[in-house]
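Shown below: coords36.cif, with mmCIF, C-alpha atoms.
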```cif
data_my_file
loop_
_atom_site.label_atom_id
_atom_site.label_comp_id
_atom_site.auth_asym_id
_atom_site.auth_seq_id
_atom_site.Cartn_x
_atom_site.Cartn_y
_atom_site.Cartn_z
CA MET A 30 0.00 0.00 0.00
CA SER A 31 1.31 3.44 -0.76
CA SER A 32 1.34 5.86 2.12
CA ASN A 33 0.07 9.40 2.13
CA SER A 34 2.83 11.56 3.46
CA SER A 35 5.71 9.39 4.63
CA VAL A 36 8.98 9.52 2.77
CA THR A 37 11.53 6.78 2.37
CA THR A 38 15.06 8.09 2.45
CA VAL A 39 17.79 6.17 0.67
CA GLN A 40 21.17 6.73 2.26
CA LEU A 41 23.37 6.88 -0.81
CA GLY A 42 26.51 7.62 1.20
CA SER A 43 27.00 3.91 1.59
CA VAL A 44 27.22 3.28 -2.18
CA SER A 45 30.97 3.80 -2.41
CA GLN A 46 31.71 1.37 0.40
CA ALA A 47 29.11 -1.21 -0.63
CA ASP A 48 30.38 -4.57 -1.80
CA GLU A 49 29.82 -5.62 -5.38
CA LEU A 50 27.58 -8.66 -5.24
CA GLN A 51 26.57 -11.42 -7.65
CA VAL A 52 22.79 -11.31 -7.94
CA HIS A 53 20.60 -14.18 -9.16
CA LEU A 54 17.00 -13.87 -10.27
CA LEU A 55 15.14 -17.19 -9.89
CA PRO A 56 11.96 -18.29 -11.66
CA CYS A 57 10.16 -19.14 -8.45
CA GLU A 58 8.96 -17.65 -5.21
CA ILE A 59 10.90 -18.71 -2.13
CA GLU A 60 9.14 -18.07 1.16
CA HIS A 61 12.30 -16.86 2.81
CA ASP A 62 13.68 -13.43 3.54
CA GLY A 63 17.16 -13.56 4.96
CA PRO A 64 20.60 -14.98 4.45
CA ALA A 65 21.04 -18.21 2.46
CA GLU A 66 23.94 -20.50 1.63
CA VAL A 67 24.03 -19.29 -1.99
CA SER A 68 27.69 -19.97 -2.71
CA ARG A 69 27.71 -23.33 -0.95
CA TYR A 70 24.69 -24.84 -2.71
CA PHE A 71 23.97 -22.70 -5.73
CA THR A 72 26.93 -20.94 -7.33
CA ALA A 73 29.15 -23.95 -6.68
CA ALA A 74 26.74 -26.06 -8.76
CA ILE A 75 26.50 -23.75 -11.80
CA LYS A 76 27.80 -25.32 -15.00
CA ASP A 77 28.82 -23.34 -18.05
CA ARG A 78 28.27 -25.53 -21.09
CA LYS A 79 28.69 -24.04 -24.52
CA HIS A 80 27.90 -20.55 -23.22
CA GLU A 81 24.70 -21.76 -21.63
CA LEU A 82 24.58 -21.60 -17.87
CA THR A 83 22.75 -24.43 -16.16
CA VAL A 84 21.99 -25.17 -12.54
CA SER A 85 19.26 -26.85 -10.59
CA PHE A 86 17.32 -25.73 -7.56
CA ARG A 87 15.13 -28.01 -5.49
CA GLY A 88 15.41 -30.62 -8.24
CA ARG A 89 14.22 -28.32 -11.04
CA GLY A 90 16.47 -27.47 -13.96
CA PHE A 91 17.34 -23.84 -14.71
CA LYS A 92 18.95 -22.30 -17.76
CA GLY A 93 20.22 -18.81 -17.50
CA GLN A 94 22.42 -16.01 -18.65
CA GLU A 95 24.01 -12.85 -17.38
CA VAL A 96 22.57 -9.45 -18.16
CA ILE A 97 24.40 -6.19 -17.73
CA CYS A 98 22.74 -3.17 -16.12
CA PRO A 99 22.02 -0.43 -18.67
CA GLN A 100 24.81 2.04 -19.26
CA GLY A 101 24.99 4.62 -16.51
CA TYR A 102 22.91 2.52 -14.12
CA THR A 103 23.97 0.68 -11.01
CA GLY A 104 21.91 -2.01 -9.35
CA LEU A 105 21.34 -1.46 -5.65
CA VAL A 106 20.45 -3.93 -2.93
CA LEU A 107 18.71 -1.94 -0.23
CA LYS A 108 18.38 -2.76 3.42
CA GLN A 109 15.87 -1.18 5.70
CA VAL A 110 17.58 0.51 8.65
CA HIS A 111 14.50 2.17 10.06
CA LYS A 112 11.13 0.55 9.72
CA PRO A 113 8.37 3.13 10.00
CA SER A 114 5.91 2.17 12.72
CA SER A 115 3.07 4.15 11.16
CA ASP A 116 1.97 5.60 7.85
CA GLN A 117 3.14 9.02 8.92
CA GLU A 118 6.65 8.06 9.90
CA ASP A 119 9.53 8.15 7.43
CA GLY A 120 11.51 5.07 6.55
CA VAL A 121 15.24 4.88 5.99
CA VAL A 122 17.05 2.38 3.79
CA LYS A 123 20.75 2.06 3.12
CA VAL A 124 22.62 0.53 0.24
CA SER A 125 23.89 -2.86 1.40
CA SER A 126 25.49 -3.86 -1.87
CA VAL A 127 25.70 -2.88 -5.51
CA PHE A 128 25.70 -4.85 -8.76
CA HIS A 129 26.43 -4.07 -12.39
CA ASN A 130 25.23 -7.34 -13.80
CA LEU A 131 22.91 -10.11 -12.70
CA THR A 132 22.24 -13.69 -13.67
CA TYR A 133 18.63 -14.51 -14.39
CA TRP A 134 17.37 -18.06 -14.62
CA ASN A 135 14.53 -19.56 -16.65
CA LEU A 136 12.72 -22.67 -15.58
CA GLU A 137 13.89 -25.30 -18.10
CA THR A 138 13.73 -22.97 -21.12
CA PRO A 139 16.90 -21.56 -22.66
CA PRO A 140 17.45 -17.83 -22.21
CA SER A 141 16.61 -15.61 -25.16
CA SER A 142 16.40 -11.96 -26.09
CA ASP A 143 12.60 -12.19 -25.64
CA ASP A 144 12.94 -12.75 -21.90
CA GLY A 145 11.37 -10.01 -19.81
CA VAL A 146 14.55 -9.12 -17.95
CA VAL A 147 16.56 -8.69 -21.14
CA MET A 148 13.85 -6.53 -22.68
CA ALA A 149 13.46 -4.49 -19.48
CA MET A 150 17.06 -3.38 -19.75
CA GLY A 151 16.10 -1.48 -22.90
CA TRP A 152 13.68 0.79 -21.05
CA PRO A 153 16.17 3.45 -19.85
CA GLU A 154 17.29 4.11 -23.42
CA LEU A 155 13.71 4.32 -24.64
CA ALA A 156 12.73 6.51 -21.67
CA GLU A 157 15.59 8.85 -22.49
CA ALA A 158 14.43 9.07 -26.09
CA ILE A 159 10.81 9.88 -25.23
CA HIS A 160 11.32 11.97 -22.10
CA GLY A 161 14.67 13.59 -22.72
CA PRO A 162 15.17 17.09 -24.15
CA ILE A 163 14.73 17.40 -27.88
CA GLU A 164 17.88 18.31 -29.69
CA ASP A 165 17.80 20.25 -32.93
CA MET B 18 36.28 -49.56 -13.53
CA ASP B 19 37.15 -46.02 -14.52
CA LEU B 20 34.36 -43.57 -13.74
CA GLY B 21 36.50 -40.55 -14.58
CA LYS B 22 34.23 -39.42 -17.38
CA PHE B 23 31.19 -39.38 -15.10
CA GLU B 24 33.05 -37.85 -12.19
CA ALA B 25 34.19 -34.99 -14.43
CA ASP B 26 30.55 -33.85 -14.46
CA ASN B 27 28.27 -35.81 -12.17
CA THR B 28 25.26 -33.56 -12.83
CA VAL B 29 24.49 -35.12 -16.21
CA SER B 30 23.97 -38.51 -17.79
CA CYS B 31 27.09 -40.26 -19.02
CA ARG B 32 28.01 -43.25 -21.22
CA LEU B 33 30.90 -45.50 -20.22
CA SER B 34 31.98 -48.49 -22.28
CA SER B 35 34.54 -51.18 -22.87
CA PRO B 36 36.20 -51.65 -26.26
CA ILE B 37 34.03 -53.71 -28.64
CA PRO B 38 35.51 -57.24 -29.03
CA ASP B 39 36.27 -57.92 -32.71
CA VAL B 40 34.47 -61.25 -32.57
CA CYS B 41 31.22 -59.44 -31.64
CA LYS B 42 31.31 -57.65 -34.98
CA THR B 43 31.42 -60.88 -37.00
CA GLU B 44 29.47 -63.43 -34.97
CA ASP B 45 25.83 -63.47 -33.85
CA CYS B 46 25.66 -62.01 -30.36
CA CYS B 47 23.41 -62.04 -27.33
CA LEU B 48 23.02 -58.99 -25.10
CA GLY B 49 21.75 -58.59 -21.54
CA ILE B 50 20.30 -55.44 -19.94
CA ASP B 51 19.92 -54.67 -16.25
CA GLU B 52 19.87 -51.71 -13.94
CA ALA B 53 21.29 -50.83 -10.55
CA GLY B 54 20.18 -48.23 -8.05
CA ARG B 55 16.61 -47.74 -9.13
CA GLY B 56 15.11 -47.50 -5.64
CA PRO B 57 17.58 -45.45 -3.58
CA VAL B 58 16.97 -41.78 -2.88
CA LEU B 59 20.72 -41.14 -3.22
CA GLY B 60 23.17 -41.32 -6.09
CA PRO B 61 22.91 -42.28 -9.74
CA MET B 62 20.89 -45.01 -11.40
CA VAL B 63 23.02 -47.10 -13.71
CA TYR B 64 21.84 -48.99 -16.78
CA GLY B 65 24.16 -51.67 -18.06
CA ILE B 66 24.46 -53.88 -21.12
CA CYS B 67 26.80 -56.80 -21.56
CA PHE B 68 27.23 -58.73 -24.81
CA CYS B 69 29.10 -61.71 -26.24
CA PRO B 70 28.82 -64.11 -29.17
CA VAL B 71 25.96 -66.62 -28.80
CA SER B 72 28.60 -69.34 -29.24
CA LYS B 73 30.40 -68.11 -26.09
CA LYS B 74 27.42 -68.38 -23.72
CA GLU B 75 28.97 -71.43 -22.03
CA ASP B 76 32.29 -69.63 -21.50
CA LEU B 77 30.36 -66.87 -19.78
CA LYS B 78 28.65 -69.43 -17.55
CA ASP B 79 32.08 -70.74 -16.60
CA LEU B 80 32.94 -67.30 -15.19
CA LYS B 81 30.19 -68.11 -12.63
CA VAL B 82 28.40 -64.79 -13.02
CA ALA B 83 25.20 -64.57 -11.01
CA ASP B 84 22.55 -62.03 -10.11
CA SER B 85 24.45 -59.10 -8.57
CA LYS B 86 21.99 -58.91 -5.66
CA THR B 87 22.97 -62.39 -4.46
CA LEU B 88 26.66 -61.45 -4.43
CA THR B 89 28.75 -59.53 -1.95
CA GLU B 90 30.50 -56.37 -3.03
CA GLU B 91 33.85 -58.22 -3.14
CA GLN B 92 32.39 -60.99 -5.29
CA ARG B 93 30.97 -58.43 -7.71
CA GLU B 94 34.32 -56.65 -7.91
CA SER B 95 36.19 -59.88 -8.65
CA LEU B 96 33.59 -60.95 -11.23
CA PHE B 97 33.91 -57.58 -12.94
CA VAL B 98 37.67 -58.16 -13.13
CA LYS B 99 36.96 -61.57 -14.70
CA LEU B 100 34.60 -59.98 -17.25
CA ASP B 101 37.31 -57.46 -18.04
CA GLU B 102 39.81 -60.31 -18.51
CA ALA B 103 37.36 -61.90 -20.95
CA LYS B 104 37.41 -58.76 -23.10
CA SER B 105 38.36 -60.78 -26.17
CA PHE B 106 34.72 -61.88 -26.38
CA VAL B 107 32.76 -59.89 -23.74
CA GLY B 108 31.89 -56.22 -24.09
CA TRP B 109 29.87 -53.88 -21.89
CA ALA B 110 28.46 -50.37 -21.84
CA LEU B 111 26.80 -48.30 -19.15
CA GLN B 112 24.50 -45.33 -18.97
CA VAL B 113 24.96 -43.50 -15.70
CA LEU B 114 21.93 -41.34 -14.92
CA SER B 115 22.96 -38.75 -12.36
CA PRO B 116 20.59 -38.02 -9.48
CA ASN B 117 20.29 -34.50 -10.89
CA THR B 118 19.17 -35.92 -14.25
CA ILE B 119 16.60 -38.07 -12.46
CA SER B 120 15.29 -35.17 -10.33
CA THR B 121 15.06 -32.62 -13.13
CA SER B 122 13.50 -35.14 -15.54
CA MET B 123 10.86 -36.39 -13.14
CA LEU B 124 10.03 -32.87 -11.91
CA GLN B 125 10.10 -31.10 -15.25
CA ARG B 126 7.09 -29.27 -16.67
CA THR B 127 6.28 -32.12 -19.05
CA LYS B 128 6.85 -35.00 -16.65
CA TYR B 129 9.38 -37.59 -17.74
CA ASN B 130 8.83 -40.53 -15.40
CA LEU B 131 11.32 -43.09 -14.18
CA ASN B 132 9.96 -45.85 -16.42
CA ALA B 133 10.28 -43.76 -19.56
CA LEU B 134 13.74 -42.67 -18.43
CA SER B 135 14.74 -46.32 -17.88
CA HIS B 136 13.32 -47.52 -21.19
CA ASP B 137 15.08 -44.74 -23.07
CA ALA B 138 18.38 -45.55 -21.34
CA ALA B 139 18.02 -49.23 -22.29
CA ILE B 140 17.06 -48.40 -25.88
CA GLY B 141 19.99 -45.99 -26.14
CA LEU B 142 22.43 -48.67 -25.02
CA VAL B 143 21.11 -51.31 -27.46
CA GLN B 144 21.32 -48.73 -30.23
CA TYR B 145 24.89 -47.97 -29.17
CA ALA B 146 25.80 -51.69 -29.51
CA LEU B 147 24.19 -51.84 -32.97
CA ASP B 148 25.90 -48.62 -34.05
CA SER B 149 29.23 -50.06 -32.88
CA GLY B 150 28.79 -53.01 -35.23
CA VAL B 151 27.76 -55.68 -32.69
CA GLN B 152 25.85 -58.41 -34.56
CA LEU B 153 22.84 -58.50 -32.25
CA LYS B 154 20.48 -61.44 -32.50
CA GLU B 155 19.17 -61.93 -28.95
CA VAL B 156 18.42 -59.38 -26.24
CA PHE B 157 17.51 -60.34 -22.67
CA VAL B 158 16.09 -57.74 -20.34
CA ASP B 159 15.34 -57.70 -16.64
CA THR B 160 12.28 -55.69 -15.73
CA VAL B 161 10.40 -54.45 -12.71
CA GLY B 162 7.33 -53.32 -14.66
CA PRO B 163 4.94 -55.28 -16.88
CA ALA B 164 7.13 -57.46 -19.15
CA GLU B 165 4.81 -57.90 -22.17
CA LYS B 166 4.42 -54.21 -23.01
CA TYR B 167 8.12 -53.55 -22.63
CA GLN B 168 8.99 -56.57 -24.77
CA GLU B 169 6.60 -55.31 -27.45
CA LYS B 170 8.14 -51.85 -27.34
CA LEU B 171 11.70 -53.19 -27.67
CA SER B 172 10.82 -55.73 -30.39
CA HIS B 173 9.16 -52.99 -32.39
CA ARG B 174 12.11 -50.67 -31.89
CA PHE B 175 14.68 -53.31 -32.90
CA PRO B 176 13.24 -55.47 -35.69
CA GLY B 177 15.36 -58.49 -36.47
CA VAL B 178 16.43 -58.89 -32.84
CA GLU B 179 14.75 -61.46 -30.66
CA VAL B 180 13.82 -59.68 -27.42
CA THR B 181 13.04 -61.47 -24.16
CA VAL B 182 11.85 -59.33 -21.27
CA ARG B 183 11.52 -61.28 -18.07
CA PRO B 184 11.23 -60.47 -14.37
CA LYS B 185 14.30 -61.84 -12.53
CA ALA B 186 16.14 -62.20 -15.86
CA ASP B 187 19.31 -61.36 -13.92
CA SER B 188 19.18 -64.78 -12.26
CA LEU B 189 17.97 -66.68 -15.37
CA PHE B 190 20.37 -65.54 -18.08
CA PRO B 191 24.16 -65.26 -17.44
CA ILE B 192 24.48 -62.37 -19.93
CA VAL B 193 21.94 -60.40 -17.85
CA SER B 194 23.80 -61.36 -14.64
CA ALA B 195 26.96 -59.98 -16.27
CA ALA B 196 25.14 -56.74 -17.15
CA SER B 197 23.81 -56.48 -13.60
CA ILE B 198 27.33 -56.88 -12.20
CA CYS B 199 28.71 -54.11 -14.45
CA ALA B 200 25.84 -51.78 -13.50
CA LYS B 201 26.07 -52.51 -9.79
CA VAL B 202 29.86 -52.10 -9.64
CA ALA B 203 29.55 -48.74 -11.40
CA ARG B 204 26.76 -47.63 -9.07
CA ASP B 205 28.78 -48.64 -5.97
CA HIS B 206 31.86 -46.82 -7.22
CA ALA B 207 29.87 -43.73 -8.11
CA VAL B 208 28.28 -43.58 -4.65
CA LYS B 209 31.50 -44.30 -2.81
CA GLY B 210 33.55 -41.79 -4.76
CA TRP B 211 30.85 -39.13 -5.06
CA LYS B 212 32.39 -35.69 -5.47
CA PHE B 213 29.97 -33.17 -3.99
CA LEU B 214 29.99 -30.12 -6.17
CA GLU B 215 28.47 -28.18 -3.30
CA ASP B 216 31.00 -26.67 -0.97
CA LEU B 217 30.14 -28.90 2.01
CA GLY B 218 33.60 -29.55 3.42
CA GLN B 219 34.11 -33.01 4.89
CA VAL B 220 30.91 -34.93 4.17
CA ASN B 221 29.84 -37.79 6.37
CA THR B 222 29.52 -40.71 3.92
CA ASP B 223 27.60 -42.97 6.26
CA TYR B 224 24.55 -42.97 3.99
CA GLY B 225 23.21 -46.33 4.98
CA SER B 226 21.71 -48.34 2.12
CA GLY B 227 20.44 -45.26 0.33
CA TYR B 228 16.92 -46.68 0.42
CA PRO B 229 14.30 -44.25 1.70
CA ASN B 230 13.13 -46.55 4.51
CA ASP B 231 16.63 -46.91 5.99
CA PRO B 232 16.78 -44.78 9.19
CA LYS B 233 20.46 -44.07 8.51
CA THR B 234 19.66 -42.73 5.06
CA LYS B 235 16.86 -40.61 6.48
CA SER B 236 19.06 -39.09 9.17
CA TRP B 237 21.74 -38.36 6.56
CA LEU B 238 19.13 -36.51 4.50
CA LEU B 239 18.12 -34.48 7.53
CA LYS B 240 21.72 -33.71 8.45
CA TYR B 241 22.45 -32.23 5.02
CA LEU B 242 19.07 -30.56 4.54
CA ASP B 243 19.34 -26.85 3.89
CA PRO B 244 16.16 -24.85 4.60
CA VAL B 245 16.47 -22.88 1.34
CA PHE B 246 18.28 -25.11 -1.14
CA GLY B 247 17.07 -28.48 0.06
CA TYR B 248 19.78 -31.04 -0.53
CA PRO B 249 23.04 -31.49 -2.37
CA GLN B 250 22.58 -32.79 -5.94
CA PHE B 251 23.54 -36.25 -4.72
CA VAL B 252 19.92 -36.57 -3.58
CA ARG B 253 16.98 -37.38 -5.86
CA PHE B 254 14.61 -34.53 -5.08
CA SER B 255 11.81 -36.31 -6.90
CA TRP B 256 11.62 -39.13 -4.33
CA SER B 257 8.65 -38.78 -2.02
CA THR B 258 10.84 -39.24 1.07
CA ALA B 259 13.04 -36.35 -0.02
CA GLN B 260 9.97 -34.22 -0.75
CA SER B 261 8.17 -34.90 2.51
CA LEU B 262 11.27 -34.07 4.56
CA LEU B 263 11.46 -30.76 2.67
CA ASP B 264 7.77 -30.09 3.24
CA SER B 265 8.29 -30.21 6.99
CA ASN B 266 11.86 -28.90 7.32
CA ALA B 267 12.45 -26.39 4.56
CA VAL B 268 10.85 -23.14 3.42
CA ALA B 269 8.11 -23.35 0.81
CA VAL B 270 8.92 -22.67 -2.84
CA HIS B 271 6.24 -21.80 -5.39
CA TRP B 272 6.51 -22.44 -9.11
CA ASP B 273 4.54 -20.86 -11.91
CA ASP B 274 3.81 -24.23 -13.46
CA ASP B 275 2.78 -25.89 -10.22
CA GLU B 276 -0.91 -26.76 -10.56
CA GLU B 277 -1.93 -25.58 -7.11
CA ASP B 278 0.19 -22.44 -7.26
CA GLY B 279 -0.82 -21.80 -10.84
CA GLU B 280 -4.52 -21.92 -9.96
CA LYS B 281 -3.93 -19.67 -6.98
CA ALA B 282 -2.06 -17.20 -9.13
CA ALA B 283 -4.79 -17.26 -11.75
CA ALA B 284 -7.46 -16.80 -9.08
CA CYS B 285 -5.52 -13.89 -7.63
CA GLN B 286 -5.27 -12.22 -10.99
CA ASN B 287 -8.96 -12.66 -11.67
CA ASN B 288 -9.85 -11.25 -8.28
CA ALA B 289 -7.55 -8.32 -8.76
CA SER B 290 -9.00 -7.39 -12.12
CA MET B 291 -12.58 -7.68 -10.79
CA LEU B 292 -11.77 -5.57 -7.77
CA SER B 293 -10.01 -2.92 -9.74
CA TYR B 294 -13.04 -2.72 -12.00
CA PHE B 295 -15.28 -1.90 -9.03
CA SER B 296 -12.84 0.25 -7.15
CA ARG B 297 -11.59 2.36 -10.01
CA ASN B 298 -13.45 5.46 -8.81
CA THR B 299 -12.66 5.18 -5.13
CA HIS B 300 -9.06 4.26 -5.79
CA THR B 301 -7.94 7.78 -6.70
CA HIS B 302 -9.61 9.24 -3.62
CA THR B 303 -8.23 6.91 -1.01
CA HIS B 304 -4.75 6.17 -2.30
CA THR B 305 -3.33 9.19 -4.01
CA HIS B 306 -0.08 8.35 -5.67
CA THR B 307 2.73 10.81 -5.27
CA HIS B 308 2.95 11.54 -8.95
CA THR B 309 -0.77 12.27 -9.36
CA GLN B 310 -0.51 14.61 -6.41
CA ALA B 311 2.36 16.40 -8.04
CA ASN B 312 0.42 16.70 -11.26
CA GLY B 313 -2.34 18.36 -9.30
CA HIS B 314 -5.20 16.46 -10.93
CA HIS B 315 -6.85 13.13 -10.37
CA SER B 316 -6.68 11.05 -13.47
CA SER B 317 -8.10 7.57 -13.18
CA PRO B 318 -5.23 5.07 -12.96
CA ARG B 319 -4.74 3.25 -16.21
CA GLU B 320 -3.59 -0.27 -16.73
CA PRO B 321 0.08 -0.06 -17.61
CA HIS B 322 0.82 -0.59 -21.27
CA ARG B 323 1.75 -4.07 -22.45
CA PHE B 324 5.29 -2.78 -22.99
CA PHE B 325 5.67 -2.57 -19.20
CA THR B 326 3.78 -5.70 -18.17
CA GLU B 327 5.80 -7.81 -20.61
CA ARG B 328 8.98 -6.50 -19.07
CA ARG B 329 7.58 -6.66 -15.56
CA LEU B 330 8.34 -3.01 -15.07
CA HIS B 331 6.40 -1.28 -12.32
CA SER B 332 6.28 2.27 -11.10
CA VAL B 333 7.37 2.29 -7.49
CA SER B 334 6.27 5.03 -5.15
CA SER B 335 6.81 3.22 -1.87
CA LEU B 336 8.82 0.28 -0.64
#
```
Can I see the file as structure tokens?
Amino acid sequence: MSSNSSVTTVQLGSVSQADELQVHLLPCEIEHDGPAEVSRYFTAAIKDRKHELTVSFRGRGFKGQEVICPQGYTGLVLKQVHKPSSDQEDGVVKVSSVFHNLTYWNLETPPSSDDGVVMAMGWPELAEAIHGPIED
Amino acid sequence: MDLGKFEADNTVSCRLSSPIPDVCKTEDCCLGIDEAGRGPVLGPMVYGICFCPVSKKEDLKDLKVADSKTLTEEQRESLFVKLDEAKSFVGWALQVLSPNTISTSMLQRTKYNLNALSHDAAIGLVQYALDSGVQLKEVFVDTVGPAEKYQEKLSHRFPGVEVTVRPKADSLFPIVSAASICAKVARDHAVKGWKFLEDLGQVNTDYGSGYPNDPKTKSWLLKYLDPVFGYPQFVRFSWSTAQSLLDSNAVAVHWDDDEEDGEKAAACQNNASMLSYFSRNTHTHTHTHTHTQANGHHSSPREPHRFFTERRLHSVSSL
């Protein structure tokens, strides 16, 4: 729900010190919010065969690829440092890590340029073209 | 037995084979098929074929091969050495189906069940023998399922070859016993020498029998259960024991193609669209978005254009 008057402040001061992190986007919903043994179970099991990344999660096969954040953009992983207790109170989040590329995974189907994530990366350029100042 | 090729990548299916004896390319041959490790919740399932000239059946009998289940591990090992020593007239080939192959096949969107997986492995191996120039005349197969249907399927697939599918074929036909020994030795080696690709440090290899009803196996599964990732890929996630332990000890995971989840998602979407139809007018009054406020007028919220929904792009005004 959007709130009426509260503001969420992003503390960008932490960007420069934030670690660069490998981010994975999975084709499922995991009912878990917190740390996970990603490198132990997941990244250690990734195979790179003929430029196609494969891995499995919970016995299901994934195929994936890496996408790069659009030029001039940095991916941010935000962490809430102050949780507002009411609608009126402001929230504060800080940058816990940054990323410039991410690996997205499809359930069983090979990655392609028609995948939503790949196409989404084209939005900033299009937005610039339609919203940016018109040059003569 | 050298499992190096499988161990190089134990997440996929792998073919291992002996050289083809020259005599098998010129004389009529018989071939036996058997499997090892079908039931266990851990490790690979191995399909094996063994073949020799029909004229050498008695020589094979003299090696005293028997059903691998009636033999001790040491006896199987020494019989495999004997089969290897008889390589002038005995050949073998194996299809090692990794637990990851089994899990991802059985759980995939278009389900590929264990029987189909087994049949395809067997067919692939017979085809391999034919492609290698083995003069196949007789094929003997051990089966756990209905024999007639399977026999029909194989006979149809390999015209000109006499196919016999029989329960307990591994104790009736020496060539099937030989195949069962090759498969079982490979399975034992693969389990014993399993290289965990997960970074688990020193792994306790006291798995028990690997069968789901073995308390030792069950406690091993629980010991290495991760609440998010489940198990290492050594485990067959598709086994009901593995699943039920996850249901009670791991966090829930929802898939788009899961029937229950899919229906729920569809229901949610339907509800949402109905509600938004009725609440369109009130929506702008109760929840004013920051950008409409800034614009100073209340336009009714529009459905985002397909361009955005296809890319799953959303406007975010709060976290």
Contact check, chain A to chain B, at most 7 Å, counting all atoms listed in the file, closest pairs as a Markdown table:
```
| residue | atom | partner | partner_atom | distance |
| --- | --- | --- | --- | --- |
| A:Ser31 | CA | B:Ser335 | CA | 5.6 |
| A:Cys57 | CA | B:Trp272 | CA | 5.0 |
| A:Glu58 | CA | B:His271 | CA | 5.0 |
| A:Ile59 | CA | B:Val270 | CA | 4.5 |
| A:Glu60 | CA | B:Ala269 | CA | 5.4 |
| A:His61 | CA | B:Val268 | CA | 6.5 |
| A:Ala65 | CA | B:Val245 | CA | 6.6 |
| A:Arg69 | CA | B:Asp216 | CA | 4.7 |
| A:Tyr70 | CA | B:Glu215 | CA | 5.1 |
| A:Ala73 | CA | B:Glu215 | CA | 5.5 |
| A:Ala74 | CA | B:Leu214 | CA | 5.8 |
| A:Phe86 | CA | B:Phe246 | CA | 6.5 |
| A:Arg87 | CA | B:Gly247 | CA | 5.9 |
| A:Gly88 | CA | B:Ser120 | CA | 5.0 |
| A:Arg89 | CA | B:Thr121 | CA | 4.9 |
| A:Gly90 | CA | B:Thr121 | CA | 5.4 |
| A:Gly145 | CA | B:Arg328 | CA | 4.3 |
| A:Val146 | CA | B:Arg328 | CA | 6.3 |
| A:Met148 | CA | B:Arg328 | CA | 6.1 |
| A:Ala149 | CA | B:Arg328 | CA | 4.9 |
```
B:Pro57, B:Asn130, B:Val29, B:Cys41: which is nearest A:Val84, counting all atoms listed in the file?
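Closest to A:Val84 of all the choices is B:Val29.
Note that the spacing between atom CA of B:Ser257 and atom CA of B:Val63 amounts to 20.3 Å.
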Need to verify the contact set: stretch 120-131 of chain A, 7 Å, all atoms listed in the file, exclusion of same-chain residues closer than 5 positions in sequence. Can you return it as a compact mmCIF listing (two decimals) with C-alpha atoms, in the frame of the given file?
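Result file is selection19.txt:
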```txt
# COMPACT_ATOMS: atom_id res chain seq x y z
CA VAL A 36 8.98 9.52 2.77
CA THR A 37 11.53 6.78 2.37
CA THR A 38 15.06 8.09 2.45
CA VAL A 39 17.79 6.17 0.67
CA GLN A 40 21.17 6.73 2.26
CA LEU A 41 23.37 6.88 -0.81
CA SER A 43 27.00 3.91 1.59
CA VAL A 44 27.22 3.28 -2.18
CA ALA A 47 29.11 -1.21 -0.63
CA ASP A 48 30.38 -4.57 -1.80
CA GLU A 49 29.82 -5.62 -5.38
CA LEU A 50 27.58 -8.66 -5.24
CA GLN A 51 26.57 -11.42 -7.65
CA VAL A 52 22.79 -11.31 -7.94
CA HIS A 53 20.60 -14.18 -9.16
CA GLU A 95 24.01 -12.85 -17.38
CA VAL A 96 22.57 -9.45 -18.16
CA ILE A 97 24.40 -6.19 -17.73
CA CYS A 98 22.74 -3.17 -16.12
CA THR A 103 23.97 0.68 -11.01
CA GLY A 104 21.91 -2.01 -9.35
CA LEU A 105 21.34 -1.46 -5.65
CA VAL A 106 20.45 -3.93 -2.93
CA LEU A 107 18.71 -1.94 -0.23
CA LYS A 108 18.38 -2.76 3.42
CA GLN A 109 15.87 -1.18 5.70
CA VAL A 110 17.58 0.51 8.65
CA HIS A 111 14.50 2.17 10.06
CA LYS A 112 11.13 0.55 9.72
CA PRO A 113 8.37 3.13 10.00
```
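The space between atom CA of B:Pro38 and atom CA of B:Gly21 spans 22.1 Å.
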Best match for closeness to A:Tyr133 among A:Pro56, A:Ile159, A:Pro153, A:Pro99, counting all atoms listed in the file
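Closest candidate: A:Pro56.
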Restricting the calculation to all atoms listed in the file: of B:Met18, B:Val143, B:Val40, B:Ile50, which residue gets closest to B:Val107?
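For B:Val107, the nearest of the candidates is B:Val40.
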Can you tell me how far atom CA of B:Glu179 sits from atom CA of B:Glu75, in Å to one decimal?
19.4 Å
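Nearest-residue note for B:Asp264: choosing from B:Ile140, B:Leu242, B:Leu33, B:Ala196, the minimum distance belongs to B:Leu242, counting all atoms listed in the file.
Using all atoms listed in the file for every distance, the candidate list B:Leu114, B:Tyr228, B:Arg183, B:Asp275 yields B:Leu114 as the residue closest to B:Leu131.
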Return as a PyMOL selection string the set of residues that the PyMOL selection byres ((chain B and resi 158) around 10) yields on the displayed structure.
chain B and resi 48-52+66+139+156-157+159-160+164+167-168+171+180-187+190+192-193+196
Just the residues within 10 Å of B:Gln112, please, counting only C-alpha atoms, with nothing from its chain fewer than 5 positions along; format it as a PyMOL selection string.
chain B and resi 23+30-34+52+61-66+135+138-139+141-142+200+203
Once the PyMOL selection byres ((chain B and resi 238) around 9) has been applied to the shown file, what residues remain in the selection, as JSON, numbers by chain?
{"B": [224, 233, 234, 235, 236, 237, 239, 240, 241, 242, 248, 252, 259, 262]}
Any idea what's packed within 7 Å of B:Ile198, counting only C-alpha atoms, ignoring anything in its chain fewer than 5 positions away? Could you give it as a PyMOL selection string?
chain B and resi 85+93+97
